[in-house]
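One file, input-v4.pdb, is given below (PDB, C-alpha atoms).
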ATOM      1  CA  MET A   1      70.680 -25.224  98.431
ATOM      2  CA  THR A   2      70.104 -21.453  98.407
ATOM      3  CA  TYR A   3      67.108 -19.159  98.001
ATOM      4  CA  ASP A   4      68.020 -18.718  94.321
ATOM      5  CA  ASP A   5      67.541 -22.462  93.662
ATOM      6  CA  PRO A   6      64.089 -23.745  92.624
ATOM      7  CA  TRP A   7      62.253 -25.139  95.652
ATOM      8  CA  LEU A   8      59.170 -27.353  95.662
ATOM      9  CA  LEU A   9      57.874 -29.039  98.812
ATOM     10  CA  ALA A  10      54.790 -31.256  98.700
ATOM     11  CA  GLY A  11      53.144 -33.590 101.163
ATOM     12  CA  ASP A  12      51.574 -33.687 104.603
ATOM     13  CA  PHE A  13      52.644 -30.627 106.615
ATOM     14  CA  ASN A  14      50.437 -31.686 109.553
ATOM     15  CA  GLU A  15      49.414 -28.039 110.004
ATOM     16  CA  ILE A  16      46.962 -25.545 108.529
ATOM     17  CA  ILE A  17      47.446 -21.905 107.560
ATOM     18  CA  ALA A  18      44.023 -20.466 108.409
ATOM     19  CA  ALA A  19      40.916 -21.379 110.390
ATOM     20  CA  ASN A  20      38.886 -22.053 107.214
ATOM     21  CA  GLU A  21      41.180 -25.001 106.442
ATOM     22  CA  LYS A  22      39.503 -26.980 109.222
ATOM     23  CA  ARG A  23      35.900 -28.158 109.334
ATOM     24  CA  ARG A  24      34.146 -29.288 112.501
ATOM     25  CA  GLY A  25      35.753 -30.169 115.801
ATOM     26  CA  ALA A  26      37.338 -27.656 118.157
ATOM     27  CA  HIS A  27      38.264 -24.181 116.938
ATOM     28  CA  ALA A  28      41.540 -23.945 115.049
ATOM     29  CA  ASP A  29      44.576 -22.742 117.000
ATOM     30  CA  VAL A  30      45.130 -19.277 115.541
ATOM     31  CA  GLY A  31      48.631 -19.050 117.021
ATOM     32  CA  ARG A  32      49.792 -22.262 115.335
ATOM     33  CA  CYS A  33      48.216 -21.167 112.044
ATOM     34  CA  SER A  34      50.054 -17.857 112.231
ATOM     35  CA  ALA A  35      53.353 -19.578 113.061
ATOM     36  CA  PHE A  36      53.028 -21.918 110.073
ATOM     37  CA  ALA A  37      52.182 -19.042 107.731
ATOM     38  CA  SER A  38      55.143 -17.042 109.076
ATOM     39  CA  MET A  39      57.464 -19.988 108.461
ATOM     40  CA  LEU A  40      56.393 -20.159 104.809
ATOM     41  CA  ASP A  41      56.934 -16.408 104.481
ATOM     42  CA  ASP A  42      60.391 -16.639 106.037
ATOM     43  CA  TYR A  43      61.430 -19.186 103.418
ATOM     44  CA  GLN A  44      59.651 -17.220 100.650
ATOM     45  CA  LEU A  45      57.345 -20.109  99.756
ATOM     46  CA  MET A  46      53.928 -19.731  98.138
ATOM     47  CA  ASP A  47      51.001 -22.137  98.234
ATOM     48  CA  LEU A  48      50.331 -23.525  94.741
ATOM     49  CA  GLY A  49      46.732 -24.519  95.478
ATOM     50  CA  GLY A  50      45.263 -27.141  93.156
ATOM     51  CA  SER A  51      42.062 -28.494  91.639
ATOM     52  CA  GLY A  52      39.968 -31.044  93.469
ATOM     53  CA  PRO A  53      38.764 -31.436  97.068
ATOM     54  CA  PHE A  54      39.715 -28.600  99.407
ATOM     55  CA  PHE A  55      40.165 -30.718 102.546
ATOM     56  CA  THR A  56      42.907 -33.317 102.099
ATOM     57  CA  TRP A  57      42.671 -35.214 105.416
ATOM     58  CA  LYS A  58      39.730 -37.016 106.982
ATOM     59  CA  GLY A  59      39.945 -37.613 110.712
ATOM     60  CA  PRO A  60      38.720 -40.735 112.508
ATOM     61  CA  LYS A  61      35.089 -41.052 113.588
ATOM     62  CA  PHE A  62      34.582 -41.195 117.340
ATOM     63  CA  SER A  63      31.258 -41.827 119.012
ATOM     64  CA  HIS A  64      29.202 -38.695 119.760
ATOM     65  CA  LEU A  65      31.784 -36.529 117.977
ATOM     66  CA  ASP A  66      31.829 -35.013 114.503
ATOM     67  CA  ARG A  67      34.417 -36.154 112.007
ATOM     68  CA  VAL A  68      37.116 -33.516 111.437
ATOM     69  CA  TYR A  69      38.393 -32.498 108.014
ATOM     70  CA  LYS A  70      41.573 -30.480 107.433
ATOM     71  CA  ARG A  71      43.738 -29.271 104.574
ATOM     72  CA  LEU A  72      47.021 -30.773 105.757
ATOM     73  CA  ASP A  73      48.499 -31.732 102.370
ATOM     74  CA  ARG A  74      49.720 -29.010 100.056
ATOM     75  CA  GLU A  75      52.417 -27.965  97.607
ATOM     76  CA  VAL A  76      54.572 -24.906  98.246
ATOM     77  CA  ALA A  77      57.291 -23.467  96.024
ATOM     78  CA  ASN A  78      59.484 -20.397  95.772
ATOM     79  CA  ALA A  79      59.348 -17.793  93.019
ATOM     80  CA  HIS A  80      62.190 -19.407  91.061
ATOM     81  CA  TRP A  81      60.339 -22.727  90.763
ATOM     82  CA  ARG A  82      57.013 -21.052  89.947
ATOM     83  CA  THR A  83      58.520 -19.048  87.069
ATOM     84  CA  MET A  84      60.610 -21.998  85.839
ATOM     85  CA  PHE A  85      57.495 -24.208  85.641
ATOM     86  CA  ASP A  86      54.856 -21.574  84.957
ATOM     87  CA  GLU A  87      52.516 -24.090  83.283
ATOM     88  CA  ALA A  88      52.670 -26.646  86.107
ATOM     89  CA  THR A  89      49.306 -27.790  87.454
ATOM     90  CA  ILE A  90      48.350 -29.439  90.745
ATOM     91  CA  HIS A  91      45.543 -31.973  91.045
ATOM     92  CA  ILE A  92      44.209 -33.345  94.343
ATOM     93  CA  GLY A  93      42.998 -36.897  93.837
ATOM     94  CA  PRO A  94      40.372 -38.871  95.779
ATOM     95  CA  ARG A  95      41.159 -40.854  98.932
ATOM     96  CA  VAL A  96      41.229 -44.627  98.496
ATOM     97  CA  TYR A  97      43.110 -46.549 101.187
ATOM     98  CA  SER A  98      44.570 -43.637 103.147
ATOM     99  CA  ASP A  99      42.942 -40.877 105.168
ATOM    100  CA  HIS A 100      44.913 -38.375 103.055
ATOM    101  CA  ASN A 101      44.217 -37.279  99.485
ATOM    102  CA  PRO A 102      47.060 -37.891  96.996
ATOM    103  CA  LEU A 103      48.702 -34.946  95.247
ATOM    104  CA  TYR A 104      49.510 -35.070  91.536
ATOM    105  CA  ILE A 105      51.920 -32.550  90.024
ATOM    106  CA  SER A 106      52.112 -32.101  86.257
ATOM    107  CA  LEU A 107      54.973 -29.984  84.900
ATOM    108  CA  CYS A 108      53.647 -30.082  81.344
ATOM    109  CA  LYS A 109      51.369 -27.503  79.841
ATOM    110  CA  ASP A 110      47.732 -28.444  80.289
ATOM    111  CA  ASN A 111      45.337 -28.436  77.353
ATOM    112  CA  ASN A 112      42.667 -26.407  79.135
ATOM    113  CA  ASN A 113      43.130 -23.399  76.880
ATOM    114  CA  TRP A 114      39.886 -23.120  75.007
ATOM    115  CA  GLU A 115      40.104 -19.895  73.061
ATOM    116  CA  ASP A 116      42.356 -16.888  72.805
ATOM    117  CA  ARG A 117      42.473 -14.701  75.841
ATOM    118  CA  PRO A 118      40.138 -11.681  75.703
ATOM    119  CA  PHE A 119      41.632  -8.602  74.090
ATOM    120  CA  HIS A 120      42.323  -5.610  76.305
ATOM    121  CA  LEU A 121      44.378  -2.460  76.151
ATOM    122  CA  PHE A 122      47.883  -2.406  77.634
ATOM    123  CA  PRO A 123      48.587   1.007  79.201
ATOM    124  CA  PRO A 124      52.242   1.008  77.947
ATOM    125  CA  TRP A 125      50.858   1.262  74.415
ATOM    126  CA  LEU A 126      49.700   4.792  75.171
ATOM    127  CA  ASP A 127      53.275   5.890  75.894
ATOM    128  CA  HIS A 128      54.617   4.590  72.580
ATOM    129  CA  SER A 129      55.150   7.128  69.792
ATOM    130  CA  GLN A 130      53.648   4.841  67.122
ATOM    131  CA  PHE A 131      50.384   4.056  68.895
ATOM    132  CA  LEU A 132      48.454   7.074  67.573
ATOM    133  CA  ASN A 133      49.657   6.329  64.038
ATOM    134  CA  VAL A 134      48.370   2.757  64.251
ATOM    135  CA  LEU A 135      45.082   4.019  65.668
ATOM    136  CA  THR A 136      44.668   6.666  62.951
ATOM    137  CA  GLU A 137      45.543   4.320  60.092
ATOM    138  CA  ASN A 138      43.037   1.669  61.176
ATOM    139  CA  TRP A 139      40.115   3.872  62.255
ATOM    140  CA  ARG A 140      37.502   4.799  59.653
ATOM    141  CA  LYS A 141      35.404   7.875  60.317
ATOM    142  CA  ASP A 142      32.528   6.660  58.136
ATOM    143  CA  THR A 143      32.078   3.455  60.184
ATOM    144  CA  ASP A 144      30.370   2.919  63.529
ATOM    145  CA  VAL A 145      32.397   2.444  66.717
ATOM    146  CA  GLY A 146      31.642  -1.268  67.113
ATOM    147  CA  THR A 147      32.866  -2.169  63.632
ATOM    148  CA  ASN A 148      35.945   0.003  64.045
ATOM    149  CA  LEU A 149      36.876  -1.677  67.323
ATOM    150  CA  THR A 150      36.401  -5.131  65.791
ATOM    151  CA  GLU A 151      38.655  -4.278  62.851
ATOM    152  CA  LEU A 152      41.194  -2.511  65.072
ATOM    153  CA  VAL A 153      41.921  -5.565  67.246
ATOM    154  CA  PRO A 154      43.920  -7.566  64.619
ATOM    155  CA  ALA A 155      45.977  -4.495  63.714
ATOM    156  CA  LEU A 156      46.823  -3.782  67.357
ATOM    157  CA  LYS A 157      47.695  -7.433  67.999
ATOM    158  CA  GLU A 158      50.084  -7.483  65.049
ATOM    159  CA  TRP A 159      51.632  -4.169  66.103
ATOM    160  CA  ASN A 160      51.981  -5.391  69.685
ATOM    161  CA  THR A 161      53.766  -8.548  68.486
ATOM    162  CA  ASN A 162      56.202  -6.561  66.352
ATOM    163  CA  VAL A 163      56.948  -3.863  68.926
ATOM    164  CA  PHE A 164      56.405  -5.394  72.369
ATOM    165  CA  GLY A 165      56.378  -9.120  71.727
ATOM    166  CA  PHE A 166      60.125  -9.579  71.408
ATOM    167  CA  ILE A 167      61.330  -7.771  74.506
ATOM    168  CA  PRO A 168      63.170 -10.828  75.955
ATOM    169  CA  THR A 169      64.908 -11.400  72.604
ATOM    170  CA  LYS A 170      65.814  -7.745  72.308
ATOM    171  CA  LYS A 171      67.175  -7.725  75.867
ATOM    172  CA  ALA A 172      69.253 -10.838  75.195
ATOM    173  CA  VAL A 173      70.726  -9.310  72.025
ATOM    174  CA  ILE A 174      71.698  -6.122  73.860
ATOM    175  CA  LEU A 175      73.330  -8.091  76.671
ATOM    176  CA  ARG A 176      75.293 -10.201  74.176
ATOM    177  CA  ARG A 177      76.517  -7.073  72.390
ATOM    178  CA  LEU A 178      77.563  -5.519  75.692
ATOM    179  CA  ALA A 179      79.422  -8.696  76.625
ATOM    180  CA  GLY A 180      81.169  -8.649  73.245
ATOM    181  CA  ILE A 181      82.269  -5.046  73.672
ATOM    182  CA  GLN A 182      83.522  -5.579  77.203
ATOM    183  CA  SER A 183      85.484  -8.684  76.187
ATOM    184  CA  SER A 184      87.199  -6.869  73.317
ATOM    185  CA  LEU A 185      90.933  -6.267  73.559
ATOM    186  CA  ASP A 186      90.340  -2.615  72.631
ATOM    187  CA  TYR A 187      87.799  -2.112  75.418
ATOM    188  CA  GLY A 188      88.658   1.035  77.373
ATOM    189  CA  HIS A 189      90.980   2.296  74.652
ATOM    190  CA  ASN A 190      88.560   2.753  71.768
ATOM    191  CA  SER A 191      86.220   5.756  71.747
ATOM    192  CA  TYR A 192      83.885   4.062  69.247
ATOM    193  CA  LEU A 193      83.379   1.071  71.547
ATOM    194  CA  ASP A 194      82.900   3.375  74.540
ATOM    195  CA  LYS A 195      80.211   5.322  72.683
ATOM    196  CA  MET A 196      78.480   2.118  71.546
ATOM    197  CA  GLU A 197      78.510   0.793  75.106
ATOM    198  CA  CYS A 198      76.776   3.938  76.380
ATOM    199  CA  GLU A 199      74.148   3.687  73.648
ATOM    200  CA  LEU A 200      73.508   0.017  74.390
ATOM    201  CA  ARG A 201      73.178   0.723  78.114
ATOM    202  CA  SER A 202      70.637   3.444  77.389
ATOM    203  CA  GLU A 203      68.711   1.105  75.096
ATOM    204  CA  LEU A 204      68.848  -1.636  77.742
ATOM    205  CA  ASP A 205      67.415   0.721  80.372
ATOM    206  CA  LYS A 206      64.475   1.528  78.104
ATOM    207  CA  THR A 207      63.897  -2.148  77.354
ATOM    208  CA  LEU A 208      63.995  -3.108  81.028
ATOM    209  CA  GLU A 209      61.616  -0.285  81.913
ATOM    210  CA  LEU A 210      59.205  -1.404  79.218
ATOM    211  CA  GLU A 211      59.464  -5.017  80.367
ATOM    212  CA  GLU A 212      58.698  -3.980  83.931
ATOM    213  CA  LYS A 213      55.660  -1.951  82.877
ATOM    214  CA  LEU A 214      54.214  -4.852  80.917
ATOM    215  CA  LEU A 215      54.768  -7.354  83.719
ATOM    216  CA  TYR A 216      53.430  -4.883  86.276
ATOM    217  CA  HIS A 217      50.235  -4.488  84.291
ATOM    218  CA  LYS A 218      49.825  -8.257  83.907
ATOM    219  CA  SER A 219      50.438  -8.888  87.587
ATOM    220  CA  ARG A 220      47.895  -6.251  88.687
ATOM    221  CA  ALA A 221      50.054  -5.624  91.727
ATOM    222  CA  ILE A 222      48.857  -2.800  93.969
ATOM    223  CA  TRP A 223      52.227  -1.369  94.795
ATOM    224  CA  ILE A 224      55.491  -0.531  93.097
ATOM    225  CA  ARG A 225      58.742   0.820  94.465
ATOM    226  CA  GLU A 226      59.955   3.928  92.734
ATOM    227  CA  GLY A 227      63.252   3.287  90.958
ATOM    228  CA  ASP A 228      63.357  -0.429  91.902
ATOM    229  CA  ARG A 229      62.964  -3.013  89.141
ATOM    230  CA  ASN A 230      60.819  -5.785  90.600
ATOM    231  CA  THR A 231      60.488  -7.712  87.333
ATOM    232  CA  LYS A 232      60.888 -11.085  89.043
ATOM    233  CA  PHE A 233      58.168 -10.234  91.538
ATOM    234  CA  TYR A 234      55.752  -9.056  88.848
ATOM    235  CA  HIS A 235      56.443 -12.071  86.662
ATOM    236  CA  THR A 236      55.831 -14.438  89.555
ATOM    237  CA  THR A 237      52.626 -12.611  90.502
ATOM    238  CA  ALA A 238      51.387 -12.716  86.912
ATOM    239  CA  VAL A 239      52.132 -16.444  86.616
ATOM    240  CA  ALA A 240      50.443 -17.238  89.928
ATOM    241  CA  ARG A 241      47.396 -15.168  89.025
ATOM    242  CA  ARG A 242      47.138 -16.770  85.577
ATOM    243  CA  ARG A 243      47.259 -20.259  87.065
ATOM    244  CA  LYS A 244      44.708 -19.335  89.725
ATOM    245  CA  SER A 245      42.254 -17.896  87.191
ATOM    246  CA  LYS A 246      42.208 -21.076  85.089
ATOM    247  CA  ILE A 247      39.325 -23.474  85.693
ATOM    248  CA  LEU A 248      40.779 -26.978  85.647
ATOM    249  CA  ALA A 249      37.860 -28.884  87.179
ATOM    250  CA  LEU A 250      34.251 -28.387  88.268
ATOM    251  CA  LYS A 251      31.946 -30.566  90.323
ATOM    252  CA  ASN A 252      28.651 -31.402  88.630
ATOM    253  CA  ALA A 253      25.246 -31.821  90.262
ATOM    254  CA  ALA A 254      26.029 -35.477  91.055
ATOM    255  CA  GLY A 255      29.145 -34.499  92.980
ATOM    256  CA  ILE A 256      31.525 -35.825  90.303
ATOM    257  CA  TRP A 257      34.597 -33.783  89.320
ATOM    258  CA  ILE A 258      34.626 -32.949  85.616
ATOM    259  CA  ARG A 259      38.047 -32.278  84.018
ATOM    260  CA  SER A 260      37.503 -32.891  80.310
ATOM    261  CA  GLU A 261      37.779 -29.672  78.310
ATOM    262  CA  LEU A 262      34.699 -30.407  76.186
ATOM    263  CA  ASN A 263      32.606 -31.557  79.162
ATOM    264  CA  LEU A 264      33.613 -28.486  81.174
ATOM    265  CA  LYS A 265      32.585 -26.197  78.350
ATOM    266  CA  ASN A 266      29.217 -27.913  77.905
ATOM    267  CA  MET A 267      28.654 -27.895  81.664
ATOM    268  CA  VAL A 268      29.193 -24.116  81.905
ATOM    269  CA  VAL A 269      27.068 -23.344  78.844
ATOM    270  CA  ASN A 270      24.173 -25.512  80.063
ATOM    271  CA  TYR A 271      24.348 -23.954  83.528
ATOM    272  CA  TYR A 272      23.876 -20.428  82.204
ATOM    273  CA  LYS A 273      21.231 -21.531  79.724
ATOM    274  CA  GLN A 274      19.175 -22.886  82.590
ATOM    275  CA  LEU A 275      19.954 -19.875  84.760
ATOM    276  CA  PHE A 276      18.591 -17.329  82.285
ATOM    277  CA  VAL A 277      15.559 -19.292  81.072
ATOM    278  CA  GLU A 278      12.334 -17.679  82.226
ATOM    279  CA  GLU A 279      10.016 -19.928  84.150
ATOM    280  CA  GLU A 280       6.608 -20.442  82.583
ATOM    281  CA  ALA A 281       4.218 -17.960  84.128
ATOM    282  CA  ASN A 282       0.428 -18.009  84.105
ATOM    283  CA  ARG A 283      -0.378 -14.414  83.186
ATOM    284  CA  LYS A 284      -3.951 -13.165  83.274
ATOM    285  CA  TRP A 285      -4.507 -10.496  80.656
ATOM    286  CA  MET A 286      -7.132  -7.874  81.292
ATOM    287  CA  THR A 287      -8.957  -6.005  78.557
ATOM    288  CA  THR A 288      -9.205  -2.251  79.099
ATOM    289  CA  SER A 289     -10.888   0.527  77.234
ATOM    290  CA  ILE A 290      -7.726   2.648  77.096
ATOM    291  CA  ASN A 291      -6.383   3.278  73.598
ATOM    292  CA  TRP A 292      -2.662   2.585  73.698
ATOM    293  CA  PRO A 293      -0.518   4.197  72.609
ATOM    294  CA  PRO A 294      -2.431   7.486  72.811
ATOM    295  CA  LEU A 295      -2.882   9.294  69.511
ATOM    296  CA  VAL A 296      -1.507  12.776  69.015
ATOM    297  CA  THR A 297      -3.957  15.111  67.293
ATOM    298  CA  HIS A 298      -4.007  18.807  66.416
ATOM    299  CA  ASP A 299      -6.187  19.468  69.458
ATOM    300  CA  LYS A 300      -3.595  18.182  71.917
TER     301      LYS A 300
END

Could you spell out this file's structure in structure tokens?
Amino acid sequence: MTYDDPWLLAGDFNEIIAANEKRRGAHADVGRCSAFASMLDDYQLMDLGGSGPFFTWKGPKFSHLDRVYKRLDREVANAHWRTMFDEATIHIGPRVYSDHNPLYISLCKDNNNWEDRPFHLFPPWLDHSQFLNVLTENWRKDTDVGTNLTELVPALKEWNTNVFGFIPTKKAVILRRLAGIQSSLDYGHNSYLDKMECELRSELDKTLELEEKLLYHKSRAIWIREGDRNTKFYHTTAVARRRKSKILALKNAAGIWIRSELNLKNMVVNYYKQLFVEEEANRKWMTTSINWPPLVTHDK
């Protein structure tokens, strides 16, 4: 097995990464935490996290001592596995007969995708020669800004699908054409094929640059190496961030984990309804002799 193979390791590692992964008891050994984290970095493994209880191990109860909780069970994978199974989800189940929580890994796409993702501007659009034309054609000067923006969204989405949405397909077609040229018997002896190869390489460079810009924007990475295509890194970062931002489960007021899509939605809506409801106040109104608002007369 090599670093290029998909790796997934799950189970009891009998070690924690940081001090916050232990509750109660003696202070965590910072040196051992650092050594474990360094080991994962050396093998290029990332923690996949998961929904459910944070602490996955419950220590024994001794007299006059607090029970210790730790996050000993986890799933780690390399970038190849994370991008291969970008929709995989991890669920941490409740303890029953063991002092460890079970780990459930689902490779299928979850159904916790309520509505379309919010629309936002991709900076690479601004560099495209057709963007201003699309903006001009779908912007009406006699309409307010809010209405224009609402009507502009579908046009930009359609344009984005036609221009940017098929980058992987376009890249694959270019690579197949290059492979066909280079496998031709006339390769190296035909000026037409040589010219076509140069044009395809130039087109491939533009496509790869565009692909990198899009993935870089999605990943929201804070650094980029000049001249180095880190598409795999950006794709992995974007996938990890997308999985982390999804809410798969919430604990209600009774301490029960809620995972149903409909129940989660109702739970969030009800929470904010109660949060922004004004409490009934007993206001005492006072009558004054001041005329309000003051009248404007010719004398003033």

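Counting from atom CA of Phe55 of chain A, the distance to atom CA of Ala19 of chain A is 12.2 Å.
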
For a test of reading the model, state the distance in Å between atom CA of Ala179 of chain A and atom CA of Thr207 of chain A, rounded to one decimal.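 Straight-line distance from atom CA of Ala179 of chain A to atom CA of Thr207 of chain A works out to 16.9 Å.
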
Rounded to one decimal, what separation in Å do you get between atom CA of Asp66 of chain A and atom CA of Gly25 of chain A?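 Answer for the atom CA of Asp66 of chain A to atom CA of Gly25 of chain A separation: 6.4 Å.
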
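Selection result for the displayed file, with the PyMOL selection byres ((chain A and resi 203-205) around 10) as criterion, is A:Lys170, A:Lys171, A:Ala172, A:Val173, A:Ile174, A:Leu175, A:Leu178, A:Glu197, A:Cys198, A:Glu199, A:Leu200, A:Arg201, A:Ser202, A:Lys206, A:Thr207, A:Leu208, A:Glu209, A:Leu210, A:Glu211.
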
Fewer than 4 positions away in the same chain doesn't count, so skip those; otherwise give me all residues within 8 Å of Tyr104 of chain A, counting only C-alpha atoms, as a list of chain:residue names.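 Selected residues are A:Ile90, A:His91, A:Ile92, A:Gly93.
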
Keeping C-alpha atoms, export the residues of the selection given above as an mmCIF file, keeping the file's coordinate frame.
data_model
loop_
_atom_site.group_PDB
_atom_site.id
_atom_site.type_symbol
_atom_site.label_atom_id
_atom_site.label_comp_id
_atom_site.auth_asym_id
_atom_site.auth_seq_id
_atom_site.Cartn_x
_atom_site.Cartn_y
_atom_site.Cartn_z
ATOM 1 C CA ILE A 90 48.350 -29.439 90.745
ATOM 2 C CA HIS A 91 45.543 -31.973 91.045
ATOM 3 C CA ILE A 92 44.209 -33.345 94.343
ATOM 4 C CA GLY A 93 42.998 -36.897 93.837
#

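Evaluating the PyMOL selection byres ((chain A and resi 153-166) around 10) against the shown model yields A:Phe119, A:His120, A:Leu121, A:Phe122, A:Pro124, A:Trp125, A:His128, A:Gln130, A:Phe131, A:Val134, A:Leu135, A:Glu137, A:Asn138, A:Asn148, A:Leu149, A:Thr150, A:Glu151, A:Leu152, A:Ile167, A:Pro168, A:Thr169, A:Lys170, A:Lys171, A:Ala172, A:Thr207, A:Leu210, A:Glu211, A:Leu214.
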
Any idea what's packed within 10 Å of Phe36 of chain A, counting only C-alpha atoms, ignoring anything in its chain fewer than 5 positions away? Could you give it as a list in words?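 The contact residues come out as Phe13, Glu15, Ile16, Ile17, Ala18, Val30, Gly31, Asp41 and Asp42 of chain A.
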
Next, the residues of the selection above should be written as a PDB file, in the frame of the given file with C-alpha atoms.
ATOM      1  CA  PHE A  13      52.644 -30.627 106.615  1.00  0.00           C
ATOM      2  CA  GLU A  15      49.414 -28.039 110.004  1.00  0.00           C
ATOM      3  CA  ILE A  16      46.962 -25.545 108.529  1.00  0.00           C
ATOM      4  CA  ILE A  17      47.446 -21.905 107.560  1.00  0.00           C
ATOM      5  CA  ALA A  18      44.023 -20.466 108.409  1.00  0.00           C
ATOM      6  CA  VAL A  30      45.130 -19.277 115.541  1.00  0.00           C
ATOM      7  CA  GLY A  31      48.631 -19.050 117.021  1.00  0.00           C
ATOM      8  CA  ASP A  41      56.934 -16.408 104.481  1.00  0.00           C
ATOM      9  CA  ASP A  42      60.391 -16.639 106.037  1.00  0.00           C
TER      10      ASP A  42
END

Can you turn the PyMOL selection byres ((chain A and resi 73) around 6) into a concrete residue list for this file, as a ChimeraX atom specification? /A:11-12,56,71-72,74

The selected residues should be written to file as a CSV table (one decimal), keeping the file's coordinate frame (atoms: C-alpha atoms).
chain,number,residue,atom,x,y,z
A,11,GLY,CA,53.1,-33.6,101.2
A,12,ASP,CA,51.6,-33.7,104.6
A,56,THR,CA,42.9,-33.3,102.1
A,71,ARG,CA,43.7,-29.3,104.6
A,72,LEU,CA,47.0,-30.8,105.8
A,74,ARG,CA,49.7,-29.0,100.1

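If all atoms listed in the file are the atoms counted, then among A:Glu75, A:Glu21, A:His80, A:Pro53 the closest residue to Arg95 of chain A is A:Pro53.
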
Please define a box with edges along x, y and z of the file around all atoms of segment 179-191 of chain A given in the file, extend it by 4 Å on each side, and return its centre and edge lengths in Å to one decimal, as lines of an AutoDock Vina configuration file.
center_x = 85.2
center_y = -1.5
center_z = 74.6
size_x = 19.6
size_y = 22.5
size_z = 13.6
